[in-house]
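S.K.: Handing over entry.cif, mmCIF, C-alpha atoms.
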data_target
#
loop_
_atom_site.label_atom_id
_atom_site.label_comp_id
_atom_site.auth_asym_id
_atom_site.auth_seq_id
_atom_site.Cartn_x
_atom_site.Cartn_y
_atom_site.Cartn_z
CA MET F 4 0.00 0.00 0.00
CA GLU F 5 2.83 2.37 0.84
CA PHE F 6 4.56 1.33 -2.39
CA LEU F 7 1.48 2.32 -4.42
CA LYS F 8 1.36 5.75 -2.77
CA ILE F 9 5.03 6.48 -3.49
CA ALA F 10 4.64 5.20 -7.07
CA GLY F 11 1.65 7.52 -7.55
CA ALA F 12 3.58 10.49 -6.20
CA ILE F 13 6.54 9.82 -8.50
CA LEU F 14 4.11 9.40 -11.44
CA SER F 15 2.55 12.79 -10.77
CA LEU F 16 6.04 14.32 -10.46
CA ILE F 17 6.87 12.99 -13.95
CA GLY F 18 3.57 14.43 -15.20
CA SER F 19 4.38 17.87 -13.82
CA LEU F 20 7.78 17.69 -15.54
CA PHE F 21 5.96 17.05 -18.84
CA ILE F 22 3.81 20.15 -18.20
CA LEU F 23 7.04 22.13 -17.66
CA PHE F 24 8.38 20.80 -20.99
CA ALA F 25 5.15 21.92 -22.67
CA ALA F 26 5.60 25.41 -21.26
CA ILE F 27 9.23 25.59 -22.42
CA GLY F 28 8.23 24.37 -25.89
CA LEU F 29 5.46 26.95 -26.05
CA LEU F 30 7.98 29.66 -25.26
CA ARG F 31 10.80 28.54 -27.54
CA MET F 32 9.17 27.27 -30.74
CA PRO F 33 9.32 29.54 -33.84
CA ASP F 34 5.76 29.59 -35.22
CA ILE F 35 2.19 28.79 -34.25
CA PHE F 36 1.96 25.24 -35.61
CA THR F 37 5.07 23.99 -33.81
CA ARG F 38 3.77 25.69 -30.69
CA ILE F 39 0.51 23.77 -30.98
CA GLN F 40 2.51 20.55 -31.52
CA ALA F 41 4.77 21.09 -28.52
CA GLY F 42 2.22 22.58 -26.18
CA THR F 43 -0.85 20.41 -26.44
CA LYS F 44 0.76 16.97 -26.82
CA ALA F 45 3.12 17.33 -23.86
CA SER F 46 0.51 18.97 -21.65
CA THR F 47 -2.02 16.21 -22.45
CA LEU F 48 0.42 13.49 -21.39
CA GLY F 49 1.53 15.50 -18.36
CA SER F 50 -1.93 16.12 -16.97
CA MET F 51 -2.93 12.50 -17.65
CA LEU F 52 0.08 11.23 -15.65
CA THR F 53 -0.61 13.72 -12.83
CA LEU F 54 -4.24 12.62 -12.53
CA LEU F 55 -3.24 8.95 -12.61
CA GLY F 56 -0.71 9.55 -9.84
CA VAL F 57 -3.33 11.18 -7.59
CA GLY F 58 -5.66 8.29 -8.42
CA LEU F 59 -3.06 5.77 -7.19
CA VAL F 60 -2.68 7.67 -3.91
CA HIS F 61 -6.47 7.87 -3.35
CA PRO F 62 -7.99 4.66 -4.76
CA ASP F 63 -11.56 5.73 -3.94
CA TRP F 64 -11.34 8.70 -6.33
CA LEU F 65 -10.03 6.54 -9.15
CA MET F 66 -13.28 6.24 -11.15
CA LYS F 67 -13.82 10.01 -11.44
CA LEU F 68 -10.16 10.51 -12.32
CA ILE F 69 -10.31 7.85 -15.05
CA LEU F 70 -13.38 9.63 -16.45
CA LEU F 71 -11.41 12.89 -16.49
CA ILE F 72 -8.37 11.20 -18.08
CA VAL F 73 -10.47 9.71 -20.90
CA PHE F 74 -12.18 13.05 -21.49
CA ILE F 75 -8.83 14.90 -21.71
CA MET F 76 -7.41 12.17 -23.96
CA ILE F 77 -10.32 12.59 -26.40
CA SER F 78 -10.94 16.33 -26.27
CA ASN F 79 -7.48 17.91 -26.21
CA PRO F 80 -6.14 16.55 -29.57
CA VAL F 81 -9.45 17.46 -31.20
CA SER F 82 -9.32 21.05 -29.99
CA SER F 83 -5.67 21.46 -31.00
CA HIS F 84 -6.44 20.06 -34.48
CA VAL F 85 -9.35 22.47 -34.96
CA LEU F 86 -7.20 25.37 -33.77
CA GLY F 87 -4.35 24.52 -36.15
CA ARG F 88 -6.77 24.24 -39.07
CA ALA F 89 -8.31 27.61 -38.23
CA ALA F 90 -4.87 29.19 -37.91
CA HIS F 91 -3.86 27.86 -41.34
CA PHE F 92 -7.10 29.03 -42.96
CA CYS F 93 -6.92 32.58 -41.61
CA GLY F 94 -3.46 33.03 -43.05
CA ILE F 95 -1.02 33.04 -40.17
CA PRO F 96 2.45 32.70 -41.77
CA LEU F 97 4.53 29.56 -41.33
CA SER F 98 8.12 29.51 -40.11
CA ASP F 99 10.94 30.05 -42.60
CA LYS F 100 12.29 26.55 -41.98
CA THR F 101 9.06 24.86 -43.16
CA ASP F 102 9.60 22.85 -46.34
CA ILE F 103 6.29 21.12 -47.11
CA ASP F 104 2.86 22.74 -46.79
CA ALA F 105 0.55 19.91 -47.84
CA LEU F 106 -2.72 21.60 -46.87
CA LYS F 107 -2.00 24.65 -49.06
CA LYS F 108 -1.08 22.37 -51.97
CA ASP F 109 -4.29 20.37 -51.56
CA ARG F 110 -6.44 23.49 -51.39
CA GLN F 111 -4.85 24.78 -54.60
CA GLU F 112 -5.25 21.46 -56.41
CA VAL F 113 -8.91 20.75 -55.60
CA PRO F 114 -10.55 23.57 -57.69
CA ASN F 115 -8.33 22.73 -60.70
CA ASN F 116 -9.44 19.10 -60.66
CA LYS F 117 -13.08 20.15 -60.57
CA GLU F 118 -12.57 22.43 -63.58
CA GLN F 119 -10.94 19.61 -65.56
CA GLU F 120 -13.81 17.20 -64.80
CA SER F 121 -16.52 19.65 -65.88
CA MET Q 12 7.07 11.55 1.70
CA VAL Q 13 4.01 11.64 -0.57
CA ASN Q 14 3.15 15.19 0.51
CA THR Q 15 6.70 16.37 -0.19
CA ILE Q 16 6.72 14.96 -3.74
CA PHE Q 17 3.27 16.45 -4.41
CA SER Q 18 4.52 19.84 -3.17
CA ILE Q 19 7.46 19.66 -5.60
CA ALA Q 20 5.03 18.77 -8.41
CA MET Q 21 2.86 21.79 -7.55
CA LEU Q 22 5.93 24.03 -7.59
CA ILE Q 23 6.92 22.74 -11.04
CA ILE Q 24 3.39 23.33 -12.38
CA GLY Q 25 3.46 26.87 -10.94
CA LEU Q 26 6.79 27.54 -12.68
CA SER Q 27 5.32 26.34 -15.98
CA PHE Q 28 2.36 28.70 -15.39
CA LEU Q 29 4.81 31.63 -15.35
CA LEU Q 30 6.42 30.52 -18.65
CA VAL Q 31 3.02 30.06 -20.36
CA ILE Q 32 1.82 33.48 -19.12
CA VAL Q 33 4.92 35.04 -20.78
CA ARG Q 34 3.81 33.49 -24.10
CA PHE Q 35 0.21 34.59 -23.39
CA LEU Q 36 1.34 38.22 -23.05
CA LYS Q 37 3.90 38.15 -25.90
CA GLY Q 38 2.03 36.11 -28.53
CA LYS Q 39 1.99 37.59 -32.03
CA SER Q 40 -1.40 36.30 -33.22
CA ILE Q 41 -4.71 35.36 -31.63
CA ALA Q 42 -4.03 31.63 -32.10
CA ASP Q 43 -0.83 31.89 -30.03
CA ARG Q 44 -2.82 33.27 -27.13
CA VAL Q 45 -5.52 30.63 -27.52
CA VAL Q 46 -2.91 27.84 -27.43
CA ALA Q 47 -1.39 29.41 -24.32
CA LEU Q 48 -4.85 29.55 -22.73
CA ASP Q 49 -5.44 25.89 -23.61
CA VAL Q 50 -2.16 24.76 -22.04
CA LEU Q 51 -2.89 26.94 -19.00
CA THR Q 52 -6.30 25.32 -18.51
CA ILE Q 53 -5.09 21.75 -18.97
CA SER Q 54 -2.21 22.21 -16.52
CA SER Q 55 -4.47 23.95 -14.00
CA ILE Q 56 -6.67 20.84 -14.05
CA GLY Q 57 -3.66 18.93 -12.71
CA LEU Q 58 -3.12 21.68 -10.11
CA ILE Q 59 -6.76 21.51 -8.95
CA VAL Q 60 -6.53 17.71 -8.53
CA LEU Q 61 -3.32 18.07 -6.51
CA LEU Q 62 -5.13 20.66 -4.35
CA ALA Q 63 -7.92 18.11 -3.88
CA HIS Q 64 -5.28 15.78 -2.38
CA PHE Q 65 -3.99 18.46 0.00
CA PHE Q 66 -7.44 19.59 1.22
CA ASP Q 67 -8.74 15.98 1.11
CA ARG Q 68 -11.97 16.91 -0.66
CA SER Q 69 -13.21 14.92 -3.66
CA ILE Q 70 -15.60 17.72 -4.76
CA TYR Q 71 -12.65 19.49 -6.40
CA ILE Q 72 -12.42 16.70 -8.99
CA ASP Q 73 -15.97 17.51 -10.11
CA VAL Q 74 -14.90 21.15 -10.44
CA SER Q 75 -12.01 20.10 -12.67
CA ILE Q 76 -14.30 17.93 -14.86
CA VAL Q 77 -16.54 20.94 -15.51
CA TYR Q 78 -13.46 23.09 -16.13
CA ALA Q 79 -12.17 20.63 -18.75
CA ILE Q 80 -15.52 20.62 -20.59
CA LEU Q 81 -15.69 24.44 -20.58
CA SER Q 82 -12.11 24.71 -21.88
CA PHE Q 83 -12.84 22.29 -24.76
CA ILE Q 84 -15.98 24.17 -25.80
CA GLY Q 85 -14.23 27.53 -25.50
CA VAL Q 86 -11.31 26.56 -27.73
CA ILE Q 87 -13.65 25.06 -30.36
CA ILE Q 88 -15.80 28.21 -30.42
CA ILE Q 89 -12.79 30.55 -30.75
CA ALA Q 90 -11.41 28.40 -33.59
CA LYS Q 91 -14.76 28.50 -35.42
CA PHE Q 92 -14.79 32.27 -34.94
CA LEU Q 93 -11.30 32.54 -36.47
CA GLU Q 94 -12.46 30.52 -39.48
CA LYS Q 95 -15.35 33.03 -39.87
CA SER Q 96 -17.84 30.14 -39.95
CA LEU Q 97 -19.60 30.90 -36.66
#
Take the structure in the file and give it back as structure tokens.
M.R.:
Amino acid sequence: MEFLKIAGAILSLIGSLFILFAAIGLLRMPDIFTRIQAGTKASTLGSMLTLLGVGLVHPDWLMKLILLIVFIMISNPVSSHVLGRAAHFCGIPLSDKTDIDALKKDRQEVPNNKEQES
Amino acid sequence: MVNTIFSIAMLIIGLSFLLVIVRFLKGKSIADRVVALDVLTISSIGLIVLLAHFFDRSIYIDVSIVYAILSFIGVIIIAKFLEKSL
């Protein structure tokens, strides 16, 4: 029982370190899309590990915490995807180091294909 | 032992709050600020659950569930507004 509590505490410490990495990535990355990449992925994993650690320390709260973990695991990638799509559509410039912009190429190719078919 | 490690974890999350707030104030575009707000909300969910351990009250977990749902809906609505499809 004592082993489980210490394991949960160490797990939540690792989770808080991941949240710190997300914050550093948010501060250091060059443009908006890499910031979304660094920020939301690392903070999702970090908060999931923190909640799981608290759930190991208090086993009677584990069901609510698992509900919260599953909700974060579903909702946070969806919201970051929608935000990146909106940022690309409203014309926020990419970093200079970006080589491939597949979404822009696809959006340019789709009307041409329709004109050729008709 | 467990309380000490949880205190260190809360300190690390507080330090990351400061770094994210710097990006929130600096950010060039709206989407930068929205991403900073999203990371701030998700990490404050972890902070609220750690506070629930320290105060020994399970009602704080319900508060964090509602906070997660509101953050998700808020980010989706701001993104739809940026796409001008709201």
S.K.: Could you tell me which residues the PyMOL selection byres ((chain Q and resi 14) around 10) grabs in this file, written as a list in words?
M.R.: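 Given this file, the PyMOL selection byres ((chain Q and resi 14) around 10) evaluates to Ile9 and Ala12 of chain F; Met12, Val13, Thr15, Ile16, Phe17, Ser18, Ile19, Ala20, Leu61, His64 and Phe65 of chain Q.
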S.K.: With all atoms listed in the file considered, list every residue of chain Q at most 7 Å from chain F, as a ChimeraX atom specification.
M.R.: /Q:13,16-17,20,23-24,27,30-31,34,42-43,46,50,53-54,57,60-61,76,83,86-87,90,93-94
S.K.: Keeping only C-alpha atoms, write the selected residues to a file as a compact mmCIF listing (two decimals), keeping the file's coordinate frame.
M.R.:
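Now in part.txt:
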# COMPACT_ATOMS: atom_id res chain seq x y z
CA VAL Q 13 4.01 11.64 -0.57
CA ILE Q 16 6.72 14.96 -3.74
CA PHE Q 17 3.27 16.45 -4.41
CA ALA Q 20 5.03 18.77 -8.41
CA ILE Q 23 6.92 22.74 -11.04
CA ILE Q 24 3.39 23.33 -12.38
CA SER Q 27 5.32 26.34 -15.98
CA LEU Q 30 6.42 30.52 -18.65
CA VAL Q 31 3.02 30.06 -20.36
CA ARG Q 34 3.81 33.49 -24.10
CA ALA Q 42 -4.03 31.63 -32.10
CA ASP Q 43 -0.83 31.89 -30.03
CA VAL Q 46 -2.91 27.84 -27.43
CA VAL Q 50 -2.16 24.76 -22.04
CA ILE Q 53 -5.09 21.75 -18.97
CA SER Q 54 -2.21 22.21 -16.52
CA GLY Q 57 -3.66 18.93 -12.71
CA VAL Q 60 -6.53 17.71 -8.53
CA LEU Q 61 -3.32 18.07 -6.51
CA ILE Q 76 -14.30 17.93 -14.86
CA PHE Q 83 -12.84 22.29 -24.76
CA VAL Q 86 -11.31 26.56 -27.73
CA ILE Q 87 -13.65 25.06 -30.36
CA ALA Q 90 -11.41 28.40 -33.59
CA LEU Q 93 -11.30 32.54 -36.47
CA GLU Q 94 -12.46 30.52 -39.48
S.K.: Mind pulling up the distance from atom CA of Ser75 of chain Q to atom CA of Ile59 of chain Q?
M.R.: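 Separation of atom CA of Ile59 of chain Q and atom CA of Ser75 of chain Q: 6.6 Å.
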S.K.: Interatomic distance between atom CA of Leu7 of chain F and atom CA of Ile69 of chain F?
M.R.: 16.8 Å
S.K.: Would you mind reading off the distance between atom CA of Ala63 of chain Q and atom CA of Pro80 of chain F, one decimal, in Å?
M.R.: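 Taking atom CA of Ala63 of chain Q as the start and atom CA of Pro80 of chain F as the end point, the length is 25.8 Å.
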